[in-house]
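Written out below as structure tokens is the structure these notes cover.
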Amino acid sequence: MKWPWKKKTLSFDEAAKFNWELDTNAELRQKMDELAKQYTNLSEKEYRRKLLLLFRENGLLIDSKQLDMLLLLRHKTDQMLLKQEVDHDEETM
């Protein structure tokens, strides 16, 4: 039985699909760029609603909390990769 109050976790597949779509889906990126240009004219709630709608239109069925988690994961991954790159550059000097 699925409990309505039970927190939905993200699977590795969902996280990978999210990152894949952000990195490779040109149409999604274009629409996200267009939405970003509207940011100053929208409330945060409306912006997030439209952003989630864009993801849903591209097969990413995530909610607001999952979006926060995915963006944090992506940010942390970028930080780790950047640190690896810096460490590698320092070793080659």
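Letters for chains follow the order of the structure tokens (A, B, ...), residue numbers begin at 1 for each chain, and ligand numbers begin at 1 in the order shown.
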
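Shell of Met69 in chain A at 12 Å, with only C-alpha atoms counted and residues fewer than 5 places along the chain excluded, is Lys8, Thr9, Leu10, Ser11, Glu14, Ala15, Phe18, Ile62, Asp63, Ser64, Arg74, His75 and Lys76 of chain A.
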
Item to check | Test item: residues at most 10 Å from range 42-49 of chain A, only C-alpha atoms, excluding those fewer than 5 positions along its chain, as an MDAnalysis selection string | outcome: chainID A and resid 35:37 54 63:64 67

Item to check | All helix (DSSP H, G or I) positions in chain A, as an NGL selection string | outcome: :A and (12-24 or 26-37 or 39-41 or 44-57 or 64-91)

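Of the listed residues (A:Asp68, A:Leu81, A:Lys31, A:Glu91), A:Lys31 comes nearest to Lys50 in chain A; the distances count only C-alpha atoms.
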